[in-house]
Amino acid sequence: MNGVRLAPPLCVGLDIGGSKVLAVAVDENGRVVGQLRLNSEPGSDGVIAVAVEAVARLAERLDIAVSELGAIGVGVPGLVDSERGFVAHAVNLGVGSEGLALAQHLHRHTGLKVAVENDVNAAALGAARTLGLNGADLAYLSVGTGLAAGLVLNGQLRRGHRSAAGEIGHVPVDPNGPLCTCGQRGCLETFASGRALALAWPVPSYHSESEPGIGAARSLFLAASNGEPDAIGVRDAFASHLAEAVRLLVLAVDVDTVVLGGGVAAVGEELLTALASALATQGAGSAFLRSLDLPSRVTMIASEVPVAAIGAALIAHDPAAS
Ligand SMILES: [Zn+2]
């Protein structure tokens, strides 16, 4: 090979949530070379302003101009039209049914190409890269306010025909269960989500936690580990419903690995232990389920790793691979 090959530019990944915006700069090998965190501001104008500021500050920290960056990838909650870079119904961000042309606005402010993706999908790609599962099938099960999964199959993101692939939180599991925000009754999400936990284990206040359910989850798992019978009951019921979600994912697409993520996963190892135990219990009477070896296929990534921002940057690097 002759000639000088210029280093491919760094791409930025943004994970825009209701309380914080995580920004990473990632090189072409998926290595994080810069990272920062800003507080979110609500509404369309707030989302755009903080995103633009995050990109500018990241460039400054790397001692390069914004124009020297390659592209921006953004992970956002809500209904995302990734073809148009448009997001709607992102309640946590203060973006309603009118929607927000996020890619268009960010491009106007930065001059860079912008790709927009659902945050759980972005996290699935980021998790696959972080775990080094290149080519293996993975489901990223996000237990946040709600419950949803992102699927990476044959190394590629599977959005589905109407971008609903992985929306397993809205699979009804109890016809007499509570009414779900989606309008159906007894969805899995009404039993296994941060919102469900906050109802099942109410805590007086959790000022330091902005996402519903995280404070409840911490309090619940602490009480359960202290041997409080009520807490053990609520924890085990929660873990059992989460295990249903894992079973659903494996029986639908037989992914190699299910990665547990989302705000509630910040509880850490104890959640994984409770889940593995529930999976083992559910497999006790079924040689078929046992043969699938579910408990050993569930894993976690340290909650400090910004998988959604990393995944968003990977999409910016190579939109075709996503
Ligand atoms: Zn639902």
# chains A, B, ... in the order shown; residues from 1 in each chain; ligands from 1
call {"tool": "residues_near_ligand", "arguments": {"ligand": "ligand 1", "cutoff": "9 Å", "atoms": "only C-alpha atoms and all ligand atoms", "output": "PyMOL selection string"}}
result
chain A and resi 168-172+179-190
call {"tool": "residues_around", "arguments": {"residues": "Val76 of chain A", "least_positions_apart": "5", "cutoff": "7 Å", "atoms": "only C-alpha atoms", "output": "list in words"}}
result
Asp15, Ile16, Gly17, Glu117, Asn118 and Asp119 of chain A
call {"tool": "residues_around", "arguments": {"residues": "Glu270 of chain A", "least_positions_apart": "2", "cutoff": "12 Å", "atoms": "only C-alpha atoms", "output": "PyMOL selection string"}}
result
chain A and resi 217-218+220-225+235-236+239+264-268+272-277+299-300
call {"tool": "residues_around", "arguments": {"residues": "Ala65 of chain A", "least_positions_apart": "6", "cutoff": "12 Å", "atoms": "only C-alpha atoms", "output": "number ranges by chain"}}
result
A: 9-10, 55-59, 110-112
call {"tool": "residues_around", "arguments": {"residues": "Ala200 of chain A", "least_positions_apart": "2", "cutoff": "9 Å", "atoms": "only C-alpha atoms", "output": "list in words"}}
result
Phe191, Arg195, Ala196, Leu197, Ala198, Pro202, Ala216 and Val234 of chain A
call {"tool": "write_last_selection", "arguments": {"atoms": "N, CA and C atoms", "output": "short mmCIF file (atom, residue, chain, number, x, y, z; two decimals), in the first residue's frame"}}
result
data_model
loop_
_atom_site.label_atom_id
_atom_site.label_comp_id
_atom_site.auth_asym_id
_atom_site.auth_seq_id
_atom_site.Cartn_x
_atom_site.Cartn_y
_atom_site.Cartn_z
N PHE A 191 -45.27 -5.63 35.71
CA PHE A 191 -44.73 -6.46 36.79
C PHE A 191 -43.20 -6.35 36.91
N ARG A 195 -40.99 1.23 37.21
CA ARG A 195 -42.28 1.78 37.63
C ARG A 195 -43.04 0.77 38.49
N ALA A 196 -43.01 -0.50 38.06
CA ALA A 196 -43.70 -1.55 38.82
C ALA A 196 -43.07 -1.72 40.21
N LEU A 197 -41.73 -1.64 40.26
CA LEU A 197 -41.03 -1.78 41.54
C LEU A 197 -41.40 -0.65 42.50
N ALA A 198 -41.49 0.58 41.94
CA ALA A 198 -41.80 1.74 42.78
C ALA A 198 -43.19 1.60 43.39
N PRO A 202 -42.91 0.90 47.79
CA PRO A 202 -42.84 2.37 47.84
C PRO A 202 -41.79 2.83 48.86
N ALA A 216 -36.36 2.62 44.75
CA ALA A 216 -37.12 1.48 45.25
C ALA A 216 -36.31 0.21 45.15
N VAL A 234 -41.34 -9.60 47.57
CA VAL A 234 -41.45 -8.65 46.45
C VAL A 234 -40.28 -8.85 45.47
#
call {"tool": "closest_residue", "arguments": {"among": "A:Arg108, A:Gly263, A:Arg247, A:Gly177", "to": "Gly18 of chain A", "atoms": "only C-alpha atoms"}}
result
A:Gly263
call {"tool": "residues_around", "arguments": {"residues": "Asp137 of chain A", "least_positions_apart": "5", "cutoff": "9 Å", "atoms": "only C-alpha atoms", "output": "VMD selection string"}}
result
chain A and resid 128 151 to 156 253 to 258
call {"tool": "residues_around", "arguments": {"residues": "Val114 of chain A", "least_positions_apart": "2", "cutoff": "9 Å", "atoms": "only C-alpha atoms", "output": "VMD selection string"}}
result
chain A and resid 71 to 74 85 102 to 104 106 to 107 112 116 316
call {"tool": "closest_residue", "arguments": {"among": "A:Arg158, A:Val50, A:Glu228, A:Val143", "to": "Pro212 of chain A", "atoms": "only C-alpha atoms"}}
result
A:Val143
call {"tool": "atom_distance", "arguments": {"atom1": "atom CA of Tyr140 of chain A", "atom2": "atom CA of His89 of chain A"}}
result
21.5 Å
call {"tool": "closest_residue", "arguments": {"among": "A:Gly227, A:Gly150, A:Gly285, A:Gly311", "to": "Ala164 of chain A", "atoms": "only C-alpha atoms"}}
result
A:Gly150
